[in-house]
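Okay, structure first, notes after.
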Amino acid sequence: MLKKISKIPFKGTPEQEAQLKAVIEECKDDKSLLMHVMQQAQAIYGYLPIEVQKMIADGMDIPLEKVYGVSTFYAQFALSPKGEYNISVCLGTACYVKGAQSLIDKVTEILGIESGECTEDGKFSLEACRCIGACGLAPVLSINDEVYGKLTADQISGVLAKYQA
Amino acid sequence: MEMVNIKINGMPFSVPNGLSILEAARYAGITIPTLCYMKEMNEIGACRMCMVEVKGARSLVAACVFPVNEGMEIQTNSERVRKARKTTLELILSTHNRKCLSCVRSTNCELQALCLEYGVDKPDRFDGATPDYAYDDSMIHMVRDNSKCVLCRRCVAACNNQSVSVIGANARGFDTHISSAFELNIDNFSCVGCGQCIVNCPTGALYEKDDTQKVLDAINDPEKFVVVQTAPAVRAALGEEFGYEIGTDVEGKMVASLRRLGFDKVFDTNFSADLTIMEESHELIERVKNGGTLPMITSCSPGWIKYCEHYYPDQLDHLSTCKSPQQMFGATVKTWYAKKMGIDPAKIVSVSVMPCTAKKFEIGRDDQNASGYADVDISITTRELARMIKGAGINFKLLPDEQFDNPLGEGTGAAVIFGATGGVMEAALRTAVKALTGEDPGDPNFTDVRGMDGVKEATYNVGGLEIKVCVASGTKNAKIVMDKVKSGECDYTFIEIMCCPGGCINGGGQPVVPASIKNFVDVKSLRAGALYRNDEARENRFSHDNSAVKRVYDEFFGEPGSHVAHEVLHTSYVKRGLYKD
């Protein structure tokens with residue numbers, strides 16, 4: 001699936017930048033370390049927006065398009081930040097046949113974000129994930145470390161309300 | 001050379017070890033179809049068109065990347081192979097915008113040709129989901145239309161080969177597509193406009209913005225005086241569009257066709273190439289004498305200029321301030337010529353035919369309007385001219401050879417070789433010898449700077465002055481030279497840089513040669529050969545002997561480097577970053 005590119009303004013701090021620059025400084029003479037640098041950058045910022053990818057491209061002397069190409073090829077890289085609360089809806093087989101798509105659609109309806117996106121206030125992000133091994137509770141979603149099972153679309157607003165305060 | 005014995009379609013051949021099956025098949029007189037393969041540039045085995053059967057192999061193999069070995073038995077045309085290739089074509093077509101009738105590449109499309117060859121009669125066989133295609137016309141010179149893209153990545157390889165890399169393959173699987181970073185339009189980045197992506201595209205996914213209607217409108221406007229100039233390299237390639245062999249010089253027929261299209265005057269950029277030599281050699285000698293910035297670097301190639309502005313913004317002082325020949329020509333037409341003929345420059349439409357897509361960008365640059373009006377109004381490519389000729393029903397092959405109009409149609413042999421890498425340098429050397437010794441060089445051929453090597457060096461002793469020169473073509477090679485200039489580890493006096501590999505004869509505006517030919521024929525050398533023969537055949541081979549140029553200096557500019565010459569013939573550059581803010 002095409003990755004969603006965040007429109008949320010970049011809020012990087014000077015500390016984060018210093019951390020990334022240090023990583024780049026260590027790796028800049030070996031272009032094969034690009035993925036390593038990108039992983040570190042994602043650990044620092046939580047995702048890889050254009051501002052961060054430009055720092056990597058310029059620092060490693062690798063064209064920005066190539067950095068972007070790597071970031072869109074591998075599932076591990078995110079182009080949108082994770083929210084304070086990350087809603088992860090399981091789309092494994094059991095959850096899917098039990099109607100998990102309707103859970104995603106409901107979250108989208110309530111929060112106005114699609115899978116792979118984050119709300120503008122940075123509070124919620126939504127993603128679809130593979131089987132989390134709770135098939136007996138299908139369909140399930142998790143919000144950070146909290147798992148909610150046997151859900152119906154009607155219950156979504158109640159679940160979200162706990163975090164919206 | 002170590003040879004290996006192989007069998008192709010049952011027949012024995014002895015071929016050099018290490019060749020790919022694709023190359024080895026050439027020995028057997030067999031062409032294996034390809035879409036993605038570009039020799040030494042894009043050898044990735046991605047398109048699966050070149051699949052062949054190898055005895056003992058579990059599945060079909062990609063001939064473009066599979067090396068031959070002793071005893072190998074290959075079937076290039078079995079039923080299994082043909083079926084696989086046909087299926088591959090049908091799968092490519094399943095997401096392809098099949099509006100071929102109006103496609104700019106119709107009849108010169110590698111995909112179309114293969115479909116015909118393999119009898120693809122059900123192009124919709126696998127129709128299903130189609131991706132959201134991007135359409136990017138943000139650059140002034142070209143359009144990128146992903147609905148015609150077959151994901152061969154030849155454009156990506158061409159862009160990488162220019163050390164620009166502003167397009168690439170992004171995402172994966174069914175979503176894979178060619179785009180710029182973050183799906184932004186390409187004009188947000190450092191595209192130099194060279195058009196190498198266009199001439200390497202097998203289909204109509206990449207093409208120049210067509211300006212032919214603007215030209216026709218100008219010609220049809222009785223109020224307008226429409227003059228046209230043609231760059232040296234156009235005559236060496238235009239014939240290919242009309243079935244001539246690669247490397248045929250069609251100068252005379254080109255002139256005849258332009259006249260029949262209705263241009264009021266048919267002039268030659270060769271005139272201003274000679275003018276460039278006068279100005280540029282004067283500038284070089286001044287810099288040497290007065291301790292100016294050296295090495296001085298040529299400024300004829302707008303793609304190279306834009307590359308330098310993006311990638312070496314701190315080195316712009318090295319660039320000659322001379323406008324390119326295209327712009328010098330336009331500037332002279334709307335100043336000296338307009339005055340002489342009593343024509344209001346506002347009524348002149350100055351058209352250029354160029355082997356180049358970056359010229360479309362150059363005409364709109366700042367500081368390119370000596371008369372108060374744009375030096376050049378419309379710049380079209382060799383391909384667009386061919387389209388106009390065909391569209392006007394002009395039978396190119398039956399045309400007589402005609403001469404350019406005077407006075408701005410006069411050019412020397414030194415000018416015509418501008419179209420090949422090293423040509424500007426050679427022309428400059430011919431005139432530098434005269435300027436520094438008072439005499440023409442005994443042999444006008446400076447062969448050290450000829451040829452298709454990416455970087456060439458030579459040292460000449462001219463009248464006691466040691467001149468160390470360097471010639472680079474392709475911005476990948478420009479980068480090698482510029483890194484040395486930047487670090488100060490070279491002591492060149494004068495450098496010629498052309499944006500496109502091989503120079504303008506291989507420009508992004510030239511006729512598209514299919515990969516099946518380009519992979520095995522040295523197109524660049526053949527086209528360059530046409531220019532060198534044109535040079536040899538001319539009586540006058542020195543820019544300083546161009547009588548029209550002398551006259552313009554006598555009547556208008558005074559002498560090279562004069563105040564008027566600076567006003568009209570020189571320009572300025574801007575610093576650009578890699579990203580548009």
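Each chain in the structure tokens gets a letter, A, B, ..., in the order shown, and its residues are numbered from 1; ligands are numbered from 1 in order too.
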
Within 8 Å of region 236-243 of chain B, counting only C-alpha atoms, which residues qualify if same-chain residues fewer than 3 places away don't, as a PDB file with N, CA and C atoms, in the first residue's frame?
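As a result, selection17.pdb now contains:
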```pdb
ATOM      1  N   PRO B 232      24.005  23.369 -34.712  1.00  0.00           N
ATOM      2  CA  PRO B 232      24.835  22.452 -35.510  1.00  0.00           C
ATOM      3  C   PRO B 232      24.363  20.996 -35.468  1.00  0.00           C
ATOM      4  N   ALA B 233      24.030  20.504 -34.273  1.00  0.00           N
ATOM      5  CA  ALA B 233      23.762  19.065 -34.128  1.00  0.00           C
ATOM      6  C   ALA B 233      22.459  18.617 -34.782  1.00  0.00           C
ATOM      7  N   ILE B 246      21.724   6.640 -39.556  1.00  0.00           N
ATOM      8  CA  ILE B 246      22.279   7.446 -38.477  1.00  0.00           C
ATOM      9  C   ILE B 246      23.630   7.993 -38.930  1.00  0.00           C
ATOM     10  N   GLY B 247      23.824   9.304 -38.743  1.00  0.00           N
ATOM     11  CA  GLY B 247      25.085   9.914 -39.152  1.00  0.00           C
ATOM     12  C   GLY B 247      25.008  10.558 -40.523  1.00  0.00           C
ATOM     13  N   THR B 248      23.786  10.740 -41.046  1.00  0.00           N
ATOM     14  CA  THR B 248      23.644  11.425 -42.334  1.00  0.00           C
ATOM     15  C   THR B 248      23.446  12.928 -42.090  1.00  0.00           C
ATOM     16  N   ASP B 249      24.240  13.730 -42.770  1.00  0.00           N
ATOM     17  CA  ASP B 249      24.122  15.192 -42.652  1.00  0.00           C
ATOM     18  C   ASP B 249      23.051  15.671 -43.632  1.00  0.00           C
ATOM     19  N   VAL B 250      21.967  16.235 -43.108  1.00  0.00           N
ATOM     20  CA  VAL B 250      20.865  16.655 -43.995  1.00  0.00           C
ATOM     21  C   VAL B 250      20.705  18.173 -43.994  1.00  0.00           C
ATOM     22  N   GLU B 251      21.821  18.888 -43.861  1.00  0.00           N
ATOM     23  CA  GLU B 251      21.766  20.348 -43.751  1.00  0.00           C
ATOM     24  C   GLU B 251      20.926  20.994 -44.865  1.00  0.00           C
ATOM     25  N   MET B 254      17.245  20.222 -44.672  1.00  0.00           N
ATOM     26  CA  MET B 254      16.691  20.870 -43.481  1.00  0.00           C
ATOM     27  C   MET B 254      16.359  22.334 -43.800  1.00  0.00           C
ATOM     28  N   THR B 382      14.709  19.006 -32.207  1.00  0.00           N
ATOM     29  CA  THR B 382      14.822  18.340 -33.507  1.00  0.00           C
ATOM     30  C   THR B 382      13.566  17.518 -33.772  1.00  0.00           C
ATOM     31  N   ARG B 383      13.083  16.845 -32.723  1.00  0.00           N
ATOM     32  CA  ARG B 383      11.886  16.005 -32.892  1.00  0.00           C
ATOM     33  C   ARG B 383      10.667  16.838 -33.278  1.00  0.00           C
ATOM     34  N   ALA B 386      10.798  17.784 -36.871  1.00  0.00           N
ATOM     35  CA  ALA B 386      10.416  16.646 -37.723  1.00  0.00           C
ATOM     36  C   ALA B 386       8.899  16.522 -37.768  1.00  0.00           C
ATOM     37  N   PHE B 396      10.328  15.239 -47.311  1.00  0.00           N
ATOM     38  CA  PHE B 396      11.700  15.612 -46.972  1.00  0.00           C
ATOM     39  C   PHE B 396      12.717  15.036 -47.953  1.00  0.00           C
ATOM     40  N   LYS B 397      12.550  13.757 -48.257  1.00  0.00           N
ATOM     41  CA  LYS B 397      13.545  13.082 -49.095  1.00  0.00           C
ATOM     42  C   LYS B 397      13.607  13.641 -50.518  1.00  0.00           C
ATOM     43  N   ILE B 505      25.017  16.321 -30.058  1.00  0.00           N
ATOM     44  CA  ILE B 505      24.550  15.296 -30.998  1.00  0.00           C
ATOM     45  C   ILE B 505      23.726  14.239 -30.263  1.00  0.00           C
ATOM     46  N   GLN B 510      16.983  15.272 -29.393  1.00  0.00           N
ATOM     47  CA  GLN B 510      17.277  14.592 -30.656  1.00  0.00           C
ATOM     48  C   GLN B 510      16.321  13.423 -30.896  1.00  0.00           C
ATOM     49  N   PRO B 511      16.238  12.952 -32.137  1.00  0.00           N
ATOM     50  CA  PRO B 511      15.389  11.796 -32.419  1.00  0.00           C
ATOM     51  C   PRO B 511      15.696  10.639 -31.476  1.00  0.00           C
ATOM     52  N   ARG B 527      26.838  10.269 -35.338  1.00  0.00           N
ATOM     53  CA  ARG B 527      26.311  11.623 -35.523  1.00  0.00           C
ATOM     54  C   ARG B 527      27.455  12.646 -35.514  1.00  0.00           C
ATOM     55  N   ALA B 528      28.421  12.450 -34.599  1.00  0.00           N
ATOM     56  CA  ALA B 528      29.556  13.373 -34.537  1.00  0.00           C
ATOM     57  C   ALA B 528      30.330  13.333 -35.852  1.00  0.00           C
ATOM     58  N   ALA B 530      29.225  12.997 -38.788  1.00  0.00           N
ATOM     59  CA  ALA B 530      28.567  13.854 -39.783  1.00  0.00           C
ATOM     60  C   ALA B 530      29.034  15.300 -39.626  1.00  0.00           C
ATOM     61  N   LEU B 531      29.218  15.750 -38.382  1.00  0.00           N
ATOM     62  CA  LEU B 531      29.651  17.132 -38.147  1.00  0.00           C
ATOM     63  C   LEU B 531      31.109  17.328 -38.558  1.00  0.00           C
TER      64      LEU B 531
END
```

Check your understanding: Just asking: which residues within region 227-320 of chain B are strand (DSSP E) according to DSSP, as a ChimeraX atom specification?
Key -> /B:227-230,265-268,296-297

Which of region 472-509 of chain B end up as helix (DSSP H, G or I) when DSSP is run on this backbone - answer as an mmCIF file with C-alpha atoms, in the first residue's frame?
```cif
data_model
loop_
_atom_site.group_PDB
_atom_site.id
_atom_site.type_symbol
_atom_site.label_atom_id
_atom_site.label_comp_id
_atom_site.auth_asym_id
_atom_site.auth_seq_id
_atom_site.Cartn_x
_atom_site.Cartn_y
_atom_site.Cartn_z
ATOM 1 C CA THR B 475 27.168 15.998 -15.966
ATOM 2 C CA LYS B 476 28.497 12.882 -14.226
ATOM 3 C CA ASN B 477 31.855 13.725 -15.802
ATOM 4 C CA ALA B 478 31.343 17.425 -15.157
ATOM 5 C CA LYS B 479 31.106 16.506 -11.480
ATOM 6 C CA ILE B 480 34.477 14.728 -11.618
ATOM 7 C CA VAL B 481 36.095 17.794 -13.173
ATOM 8 C CA MET B 482 34.275 20.308 -10.968
ATOM 9 C CA ASP B 483 35.302 18.522 -7.782
ATOM 10 C CA LYS B 484 38.905 19.036 -8.911
ATOM 11 C CA VAL B 485 38.268 22.676 -9.795
ATOM 12 C CA LYS B 486 36.647 23.230 -6.414
ATOM 13 C CA SER B 487 39.493 21.637 -4.479
ATOM 14 C CA CYS B 504 24.651 18.057 -28.361
ATOM 15 C CA ILE B 505 24.550 15.296 -30.998
ATOM 16 C CA ASN B 506 23.233 13.123 -28.156
#
```

Practice item. Do me a favour and pick out the residues of chain B within 6 Å of chain A, using only C-alpha atoms, as a PyMOL selection string. Key: chain B and resi 166+170-172+180-181

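The shortest atom-to-atom distance to Tyr47 (chain A), with only C-alpha atoms taken into account, belongs to A:Gln76 out of A:Gln76, A:Thr108, A:Ser32, A:Gln164.
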
Practice item. Have a look at B:Gln403, B:Thr203, B:Thr493, B:Thr321 and name the one nearest to Gly291 (chain B); count only C-alpha atoms. Key: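 Using only C-alpha atoms, Gly291 (chain B) sits closest to B:Thr493.
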
Exercise for review: Just the residues within 12 Å of region 26-31 of chain A, please, counting only C-alpha atoms, with nothing from its chain fewer than 3 positions along; format it as number ranges by chain.
Suggested key: A: 19-23, 34-38, 40, 55-63, 66-67

Review point. How many Å lie between CA of Leu116 (chain B) and CA of Pro202 (chain B), rounded to one decimal?
Key: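 Taking CA of Leu116 (chain B) as the start and CA of Pro202 (chain B) as the end point, the length is 14.8 Å.
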
Exercise for review: Determine, counting only C-alpha atoms, which protein, DNA and RNA residues have an atom within 8 Å of an atom of Thr276 (chain B); residues of the same chain fewer than 4 positions away are not included. Present the result as a ChimeraX atom specification.
Suggested key: /B:272,280,322-325,328

Exercise for review: Name all residues at most 8 Å from Ala515 (chain B) (count only C-alpha atoms; drop same-chain ones fewer than 4 positions away) and give them as number ranges by chain.
Suggested key: B: 34-35, 37-38, 200, 202, 519

Practice item. Extract, using only C-alpha atoms, all DNA, RNA and protein residues at most 8 Å from Tyr311 (chain B), discarding same-chain residues fewer than 2 positions from it, and format them as a list in words. Key: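 Those residues are Tyr307, Cys308, Glu309, Pro313, Arg576, Gly577 and Leu578 of chain B.
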
Keeping only N, CA and C atoms, take the residues you just selected and write them out as an mmCIF file, in the first residue's frame.
```cif
data_model
loop_
_atom_site.group_PDB
_atom_site.id
_atom_site.type_symbol
_atom_site.label_atom_id
_atom_site.label_comp_id
_atom_site.auth_asym_id
_atom_site.auth_seq_id
_atom_site.Cartn_x
_atom_site.Cartn_y
_atom_site.Cartn_z
ATOM 1 N N TYR B 307 23.043 22.819 -14.024
ATOM 2 C CA TYR B 307 23.700 21.853 -13.130
ATOM 3 C C TYR B 307 24.689 22.577 -12.219
ATOM 4 N N CYS B 308 25.490 23.448 -12.829
ATOM 5 C CA CYS B 308 26.505 24.185 -12.066
ATOM 6 C C CYS B 308 25.833 25.070 -11.007
ATOM 7 N N GLU B 309 24.728 25.696 -11.402
ATOM 8 C CA GLU B 309 24.022 26.570 -10.453
ATOM 9 C C GLU B 309 23.442 25.792 -9.272
ATOM 10 N N PRO B 313 27.159 26.137 -6.737
ATOM 11 C CA PRO B 313 26.800 27.568 -6.745
ATOM 12 C C PRO B 313 27.967 28.479 -6.338
ATOM 13 N N ARG B 576 21.552 28.415 -7.126
ATOM 14 C CA ARG B 576 20.368 27.630 -6.806
ATOM 15 C C ARG B 576 20.780 26.544 -5.831
ATOM 16 N N GLY B 577 19.876 26.169 -4.955
ATOM 17 C CA GLY B 577 20.155 25.036 -4.076
ATOM 18 C C GLY B 577 19.659 23.752 -4.725
ATOM 19 N N LEU B 578 19.721 22.661 -3.970
ATOM 20 C CA LEU B 578 19.222 21.396 -4.488
ATOM 21 C C LEU B 578 17.706 21.310 -4.388
#
```

**Study point:** Pick from B:Asn160, B:Asn97, B:Asn540, B:Thr87 nearest to Thr130 (chain B), counting only C-alpha atoms
**Key:**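 Closest to Thr130 (chain B), using only C-alpha atoms: B:Asn97.
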
**Study point:** Given only C-alpha atoms as the counted atoms, nearest of B:Ile44, B:Cys356, B:Ile495, B:Val512 to Asn108 (chain B)
**Key:** B:Val512

Compile the contact shell of Glu120 (chain A) as an mmCIF file with N, CA and C atoms, in the first residue's frame: residues with an atom at most 9 Å away, counting only C-alpha atoms, same-chain residues fewer than 2 positions apart removed.
```cif
data_model
loop_
_atom_site.group_PDB
_atom_site.id
_atom_site.type_symbol
_atom_site.label_atom_id
_atom_site.label_comp_id
_atom_site.auth_asym_id
_atom_site.auth_seq_id
_atom_site.Cartn_x
_atom_site.Cartn_y
_atom_site.Cartn_z
ATOM 1 N N LYS A 7 1.052 15.640 6.618
ATOM 2 C CA LYS A 7 1.007 17.080 6.372
ATOM 3 C C LYS A 7 1.164 17.852 7.683
ATOM 4 N N ILE A 8 1.344 17.128 8.762
ATOM 5 C CA ILE A 8 1.520 17.785 10.063
ATOM 6 C C ILE A 8 2.870 18.502 10.092
ATOM 7 N N PRO A 9 2.882 19.776 10.501
ATOM 8 C CA PRO A 9 4.157 20.506 10.514
ATOM 9 C C PRO A 9 5.219 19.777 11.331
ATOM 10 N N CYS A 118 -2.006 10.560 11.032
ATOM 11 C CA CYS A 118 -2.019 11.031 12.410
ATOM 12 C C CYS A 118 -2.890 12.281 12.475
ATOM 13 N N GLY A 122 -1.805 15.645 16.884
ATOM 14 C CA GLY A 122 -0.783 14.681 17.297
ATOM 15 C C GLY A 122 -1.278 13.677 18.324
ATOM 16 N N LYS A 123 -2.592 13.654 18.565
ATOM 17 C CA LYS A 123 -3.118 12.814 19.642
ATOM 18 C C LYS A 123 -3.277 11.355 19.200
ATOM 19 N N PHE A 124 -3.918 11.147 18.020
ATOM 20 C CA PHE A 124 -4.187 9.785 17.574
ATOM 21 C C PHE A 124 -3.531 9.489 16.225
#
```

**Study point:** Which of A:Leu151, A:Val107, A:Leu48, A:Val89 sits closest to Leu137 (chain A) [using only C-alpha atoms]
**Key:** A:Leu151

Point to revise | Residue among B:Gly195, B:Pro400, B:Pro302, B:Pro131 lying closest to Thr357 (chain B), counting only C-alpha atoms | key: B:Gly195
